[in-house]
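Colleague: Before we start, here is the structure in question, set down as structure tokens.
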Amino acid sequence: MKLSEIELRIIHLPLVRPFRTSFGTQTSREVLMIKVVDDNGITGWAECVAMSEPLYSPEYVTGCLDLMKRFLIPALKSKAEITAEEVPVILKPFLGGQMAKAALETAVLDAQLRSQNTSLASYLGATKDRVECGVSVGIANNLEALAEEVKSYVDAGYRRIKLKIEPGWDIEAVKHIRNLHPNIPLQVDANQAYSRNDGKHLAKLDEFNLLLIEQPLDEHDILGHAALAKEVKTPICLDESIISLHSAEDALALKATTVINIKPGRVGGYIESVKIHDLCVKNKIPVWCGGMLETGIGRAANLALAALPGFTLPGDTSASARYYKEDITVPFVMDDGYLTVPTGPGIGVEPNMQFLDEITTHKEFIK
Ligand code: OSB
Ligand code: MG
């Protein structure tokens with residue numbers, strides 16, 4: 001396609017409740033949205049999953065905006081015609097920036113698939129028409145508040161609970177929830193909050209029958225995770241450490257992870273995500289689709305990916321209502337613990353432009 005116009009905007013959406021992790025507390029989501037228009041007037045949308053500050057990943061909203069404007073978009077515009085498959089190749093000389101790159105690739109892919117009248121799910125190789133939903137539960141003020149929040153999600157039908165943990169909010173929190181919900185699939189996410197000598201402490205989680213411990217150590221500490229995997233019986237699952245197919249290959253070869261959380265933004269896009277999925281299927285490593293508190297635009301695309309056959313664990317693909325009072329697309333509503341995979345062309349949903357304009361704090365066009 002020929003890119004004729006790109007629109008970048010920043011929106012702010014309040015969260016229904018504060019989301020506290022080991023790296024900070026968020027009360028609203030600032031999102032960089034990308035719209036591309038081709039020479040036939042066909043539009044593609046994507047959201048960049050970077051957060052306001054570089055606390056989960058080195059990327060952040062205004063940094064991604066700058067990277068796109070200064071380097072990535074000019075590189076794409078220097079080509080007379082591009083396909084979505086060429087986007088990662090054209091952007092490869094610029095190091096890092098996976099979240100910014102993923103957003104541009106996805107917007108181009110959305111427009112391309114719309115012009116071919118194909119859904120993202122069928123393009124990626126989806127085999128399911130609905131996906132099992134888990135939910136990520138932030139660190140609470142006390143055990144009673146945590147129990148109340150978890151109960152509301154279990155009552156809503158969520159099929160797996162993930163508790164955010166950090167030193168001081170781990171064994172007791174898990175024990176409390178496990179006692180109240182003896183059979184719910186349960187896992188924890190530390191977002192790098194522990195260190196190499198915490199193996200004995202984390203092994204205390206083994207008695208609670210957890211599916212996995214997500215990213216206990218520093219994102220660069222692959223050997224530390226491999227050593228920890230020998231000290232704890234609960235499977236280790238990497239999130240932040242997996243930023244590409246190659247990093248997934250390394251982590252598997254070094255036995256640092258036996259489950260992988262695939263987040264398309266973190267690995268540079270949906271095309272790279274499918275490669276990681278295929279690697280994991282080949283190695284019999286279960287995968288699940290992570291989340292970044294996406295709006296309906298990112299959620300629609302994540303559901304398409306989560307419908308691939310290797311996604312055998314419920315993901316952090318929760319309903320719109322878990323995050324936002326009003327979503328920017330038609331809301332994703334859970335039915336019996338599942339979300340339906342969109343079937344329309346491209347990502348299958350569009351933003352409500354009136355609402356989007358209301359929550360836009362910055363907007364610019366690149367011709
Ligand atoms: O580590 O998985 C994470 C949200 C923002 C940044 C990192 C993470 C998360 C979540 C929530 O756990 C996932 C979601 O529900 O979108
Ligand atoms: Mg995580």
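Just remember, in the structure tokens the first chain shown is A, the second B, etc., residues are 1-based per chain, and ligands are 1-based in the order shown.
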Determine, using only C-alpha atoms, which residues of stretch 251-330 of chain A have any atom at most 10 Å from an atom of stretch 117-129 of chain A, and tabulate each with its shortest atom pair and distance in Å to one decimal place, rows ordered by chain and then rising number, as a Markdown table.

Modeller:
```
| residue | atom | partner | partner_atom | distance |
| --- | --- | --- | --- | --- |
| A:Tyr270 | CA | A:Leu124 | CA | 7.9 |
| A:Ile271 | CA | A:Leu124 | CA | 7.8 |
| A:Ser273 | CA | A:Leu124 | CA | 9.5 |
| A:Val274 | CA | A:Leu124 | CA | 7.0 |
| A:Ala300 | CA | A:Leu120 | CA | 9.1 |
| A:Ala301 | CA | A:Leu120 | CA | 7.0 |
| A:Asn302 | CA | A:Ala121 | CA | 9.3 |
| A:Leu303 | CA | A:Ala121 | CA | 7.9 |
| A:Ala304 | CA | A:Ala121 | CA | 4.2 |
| A:Leu305 | CA | A:Ala121 | CA | 6.5 |
| A:Ala306 | CA | A:Ala126 | CA | 7.8 |
| A:Ala307 | CA | A:Ala126 | CA | 4.8 |
| A:Leu308 | CA | A:Ala126 | CA | 4.2 |
| A:Pro309 | CA | A:Thr127 | CA | 6.0 |
| A:Gly310 | CA | A:Thr127 | CA | 9.7 |
| A:Phe311 | CA | A:Lys128 | CA | 9.9 |
```

Colleague: Counting only C-alpha atoms and all ligand atoms, give me one row per residue of chain A with an atom at most 7 Å from an atom of ligand 1, showing the shortest contact pair and its distance in Å to one decimal, sorted by chain then residue number, as CSV.

Modeller:
```
residue,atom,partner,partner_atom_place_in_ligand_line,distance
A:Tyr56,CA,ligand 1,6 (C),6.0
A:Val135,CA,ligand 1,15 (O),5.9
A:Ser136,CA,ligand 1,12 (O),5.1
A:Asp189,CA,ligand 1,1 (O),6.5
A:Asn191,CA,ligand 1,1 (O),5.6
A:Asp239,CA,ligand 1,1 (O),6.7
A:Gly290,CA,ligand 1,2 (O),5.7
A:Gly291,CA,ligand 1,16 (O),3.3
A:Met292,CA,ligand 1,16 (O),3.9
A:Leu293,CA,ligand 1,16 (O),3.5
A:Glu294,CA,ligand 1,16 (O),5.9
A:Asp316,CA,ligand 1,15 (O),4.6
A:Thr317,CA,ligand 1,15 (O),6.2
A:Ser318,CA,ligand 1,15 (O),6.0
```

Colleague: Write out, as a short mmCIF file (atom, residue, chain, number, x, y, z; two decimals), in the first residue's frame, the residues just selected, with all heavy atoms.

Modeller:
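Full text of result_20.cif as output:
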```cif
data_model
loop_
_atom_site.label_atom_id
_atom_site.label_comp_id
_atom_site.auth_asym_id
_atom_site.auth_seq_id
_atom_site.Cartn_x
_atom_site.Cartn_y
_atom_site.Cartn_z
N TYR A 56 7.89 -0.33 33.43
CA TYR A 56 7.72 -1.74 33.07
C TYR A 56 8.70 -2.11 31.97
O TYR A 56 9.26 -3.19 31.95
CB TYR A 56 6.27 -1.99 32.61
CG TYR A 56 6.11 -3.26 31.80
CD1 TYR A 56 5.99 -4.50 32.44
CD2 TYR A 56 6.10 -3.23 30.41
CE1 TYR A 56 5.88 -5.66 31.70
CE2 TYR A 56 5.99 -4.38 29.67
CZ TYR A 56 5.88 -5.60 30.31
OH TYR A 56 5.77 -6.75 29.57
N VAL A 135 -7.62 -12.67 34.69
CA VAL A 135 -7.62 -11.27 35.12
C VAL A 135 -6.43 -11.04 36.05
O VAL A 135 -6.07 -11.90 36.84
CB VAL A 135 -8.97 -10.87 35.78
CG1 VAL A 135 -9.29 -11.75 36.98
CG2 VAL A 135 -9.00 -9.40 36.15
N SER A 136 -5.81 -9.89 35.89
CA SER A 136 -4.63 -9.52 36.67
C SER A 136 -5.08 -8.60 37.81
O SER A 136 -5.67 -7.55 37.56
CB SER A 136 -3.65 -8.80 35.74
OG SER A 136 -2.52 -8.37 36.43
N ASP A 189 2.53 -12.57 39.61
CA ASP A 189 3.42 -11.78 38.74
C ASP A 189 4.18 -10.79 39.62
O ASP A 189 3.57 -9.94 40.28
CB ASP A 189 2.58 -11.04 37.68
CG ASP A 189 3.44 -10.30 36.66
OD1 ASP A 189 4.68 -10.35 36.76
OD2 ASP A 189 2.85 -9.68 35.75
N ASN A 191 6.83 -8.78 38.43
CA ASN A 191 7.42 -7.67 37.68
C ASN A 191 8.83 -7.33 38.18
O ASN A 191 9.13 -6.18 38.52
CB ASN A 191 6.52 -6.43 37.72
CG ASN A 191 5.24 -6.62 36.91
OD1 ASN A 191 4.16 -6.74 37.47
ND2 ASN A 191 5.36 -6.68 35.59
N ASP A 239 8.10 -12.65 31.23
CA ASP A 239 7.33 -11.59 30.56
C ASP A 239 8.35 -10.56 30.05
O ASP A 239 8.81 -10.65 28.89
CB ASP A 239 6.33 -10.99 31.56
CG ASP A 239 5.59 -9.76 31.05
OD1 ASP A 239 5.90 -9.27 29.96
OD2 ASP A 239 4.68 -9.24 31.76
N GLY A 290 -0.37 -11.91 27.16
CA GLY A 290 -0.34 -10.92 28.22
C GLY A 290 -1.15 -9.70 27.82
O GLY A 290 -1.70 -9.62 26.72
N GLY A 291 -1.22 -8.74 28.73
CA GLY A 291 -1.97 -7.53 28.45
C GLY A 291 -1.21 -6.32 28.95
O GLY A 291 -0.28 -6.44 29.75
N MET A 292 -1.59 -5.16 28.45
CA MET A 292 -0.98 -3.88 28.87
C MET A 292 -2.10 -2.86 29.11
O MET A 292 -1.97 -1.72 28.72
CB MET A 292 -0.02 -3.39 27.79
CG MET A 292 1.25 -4.23 27.66
SD MET A 292 2.35 -4.12 29.09
CE MET A 292 2.91 -2.43 28.94
N LEU A 293 -3.18 -3.32 29.75
CA LEU A 293 -4.32 -2.44 30.02
C LEU A 293 -4.78 -1.78 28.72
O LEU A 293 -5.07 -0.58 28.70
CB LEU A 293 -3.95 -1.36 31.06
CG LEU A 293 -3.20 -1.83 32.31
CD1 LEU A 293 -2.83 -0.62 33.18
CD2 LEU A 293 -4.03 -2.80 33.14
N GLU A 294 -4.87 -2.57 27.66
CA GLU A 294 -5.23 -2.02 26.35
C GLU A 294 -6.67 -1.50 26.31
O GLU A 294 -7.54 -1.98 27.02
CB GLU A 294 -5.10 -3.11 25.27
CG GLU A 294 -3.69 -3.45 24.85
CD GLU A 294 -3.06 -4.57 25.67
OE1 GLU A 294 -3.62 -4.93 26.73
OE2 GLU A 294 -2.01 -5.08 25.24
N ASP A 316 -4.25 -12.52 29.99
CA ASP A 316 -4.71 -11.29 30.65
C ASP A 316 -5.57 -10.50 29.65
O ASP A 316 -5.43 -9.30 29.50
CB ASP A 316 -3.51 -10.43 31.09
CG ASP A 316 -2.83 -10.98 32.34
OD1 ASP A 316 -3.45 -11.80 33.05
OD2 ASP A 316 -1.68 -10.57 32.62
N THR A 317 -6.41 -11.23 28.96
CA THR A 317 -7.33 -10.63 27.99
C THR A 317 -8.67 -10.50 28.69
O THR A 317 -9.54 -11.36 28.54
CB THR A 317 -7.46 -11.54 26.77
OG1 THR A 317 -7.63 -12.90 27.24
CG2 THR A 317 -6.25 -11.49 25.87
N SER A 318 -8.80 -9.47 29.50
CA SER A 318 -10.02 -9.31 30.30
C SER A 318 -11.03 -8.44 29.56
O SER A 318 -10.70 -7.81 28.55
CB SER A 318 -9.68 -8.70 31.66
OG SER A 318 -8.57 -9.35 32.25
#
```

Colleague: Hey, what's within 12 Å of A:Val154 if we count only C-alpha atoms and toss same-chain stuff fewer than 4 positions away? As a PyMOL selection string, please?

Modeller: chain A and resi 133-137+147-150+158-162+177+180-181+183-186+336-337

Colleague: Please run DSSP on the backbone and report, as a PyMOL selection string, all residues within stretch 101-153 of chain A that come out as strand (DSSP E).

Modeller: chain A and resi 130-132+134-137

Colleague: Go through A:Leu32, A:Ala190, A:Leu245, A:Ile359 and flag the residue nearest ligand 2, using only C-alpha atoms and all ligand atoms for the distances.

Modeller: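 Going through A:Leu32, A:Ala190, A:Leu245, A:Ile359 one by one, the smallest distance to ligand 2 is for A:Ala190.
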
Colleague: Run DSSP on the backbone of this structure and report the residues of stretch 4-251 of chain A it assigns to alpha helix (DSSP H), as number ranges by chain.

Modeller: A: 61-67, 73-77, 87-91, 98-115, 120-124, 143-156, 171-180, 199-202, 222-231, 245-251

Colleague: How would the residues just chosen look if you wrote them out with C-alpha atoms as a short mmCIF file (atom, residue, chain, number, x, y, z; two decimals), in the first residue's frame?

Modeller:
```cif
data_model
loop_
_atom_site.label_atom_id
_atom_site.label_comp_id
_atom_site.auth_asym_id
_atom_site.auth_seq_id
_atom_site.Cartn_x
_atom_site.Cartn_y
_atom_site.Cartn_z
CA VAL A 61 4.51 7.29 25.59
CA THR A 62 6.28 10.51 24.65
CA GLY A 63 9.49 8.62 23.90
CA CYS A 64 7.60 6.41 21.43
CA LEU A 65 5.98 9.48 19.88
CA ASP A 66 9.41 11.02 19.35
CA LEU A 67 10.92 7.77 18.00
CA ILE A 73 7.70 7.10 10.21
CA PRO A 74 10.24 8.84 7.92
CA ALA A 75 11.75 5.39 7.17
CA LEU A 76 8.33 4.01 6.22
CA LYS A 77 7.49 7.10 4.15
CA VAL A 87 7.49 -2.88 8.22
CA PRO A 88 9.71 -4.83 10.70
CA VAL A 89 12.38 -5.19 8.00
CA ILE A 90 12.39 -1.45 7.21
CA LEU A 91 12.49 -0.54 10.92
CA GLN A 98 9.58 -2.68 20.02
CA MET A 99 6.38 -1.07 21.29
CA ALA A 100 6.59 1.83 18.85
CA LYS A 101 7.46 -0.54 15.99
CA ALA A 102 4.66 -2.95 16.92
CA ALA A 103 2.09 -0.15 16.84
CA LEU A 104 3.14 1.02 13.36
CA GLU A 105 3.20 -2.54 12.01
CA THR A 106 -0.25 -3.23 13.46
CA ALA A 107 -1.81 -0.06 12.04
CA VAL A 108 -0.42 -0.87 8.57
CA LEU A 109 -1.55 -4.48 8.94
CA ASP A 110 -5.06 -3.39 9.94
CA ALA A 111 -5.36 -1.23 6.81
CA GLN A 112 -3.84 -3.94 4.61
CA LEU A 113 -6.20 -6.64 5.90
CA ARG A 114 -9.20 -4.32 5.57
CA SER A 115 -8.33 -3.78 1.92
CA LEU A 120 -6.41 -10.42 11.70
CA ALA A 121 -7.38 -13.70 13.38
CA SER A 122 -7.42 -15.66 10.12
CA TYR A 123 -4.25 -13.89 8.90
CA LEU A 124 -2.38 -14.94 12.07
CA LEU A 143 -6.11 -9.02 52.52
CA GLU A 144 -9.84 -8.25 52.93
CA ALA A 145 -9.78 -5.78 50.06
CA LEU A 146 -7.88 -8.29 47.92
CA ALA A 147 -10.37 -11.06 48.72
CA GLU A 148 -13.27 -8.79 47.83
CA GLU A 149 -11.76 -7.84 44.48
CA VAL A 150 -10.88 -11.44 43.62
CA LYS A 151 -14.40 -12.58 44.54
CA SER A 152 -15.92 -10.00 42.20
CA TYR A 153 -13.83 -11.41 39.31
CA VAL A 154 -14.57 -15.03 40.17
CA ASP A 155 -18.28 -14.15 40.34
CA ALA A 156 -18.00 -12.43 36.93
CA ILE A 171 3.02 -15.65 50.58
CA GLU A 172 0.22 -14.44 52.85
CA ALA A 173 -1.77 -12.92 49.99
CA VAL A 174 -1.53 -16.12 47.93
CA LYS A 175 -2.37 -18.28 50.95
CA HIS A 176 -5.44 -16.17 51.73
CA ILE A 177 -6.79 -16.35 48.17
CA ARG A 178 -5.96 -20.04 47.78
CA ASN A 179 -7.88 -20.84 50.98
CA LEU A 180 -10.92 -18.94 49.72
CA GLY A 199 14.79 -18.69 45.93
CA LYS A 200 14.02 -20.13 49.37
CA HIS A 201 11.40 -17.50 50.00
CA LEU A 202 9.67 -17.97 46.63
CA ILE A 222 18.22 -15.02 32.39
CA LEU A 223 20.75 -17.12 34.32
CA GLY A 224 19.18 -16.04 37.61
CA HIS A 225 15.80 -17.30 36.38
CA ALA A 226 17.41 -20.57 35.29
CA ALA A 227 18.91 -21.03 38.78
CA LEU A 228 15.62 -20.08 40.43
CA ALA A 229 13.78 -22.62 38.29
CA LYS A 230 15.81 -25.32 40.04
CA GLU A 231 14.98 -23.97 43.51
CA LEU A 245 12.21 -14.47 18.98
CA HIS A 246 15.92 -14.66 19.77
CA SER A 247 15.47 -13.81 23.43
CA ALA A 248 12.77 -16.50 23.64
CA GLU A 249 15.15 -19.04 22.08
CA ASP A 250 17.88 -18.09 24.58
CA ALA A 251 15.56 -18.31 27.59
#
```
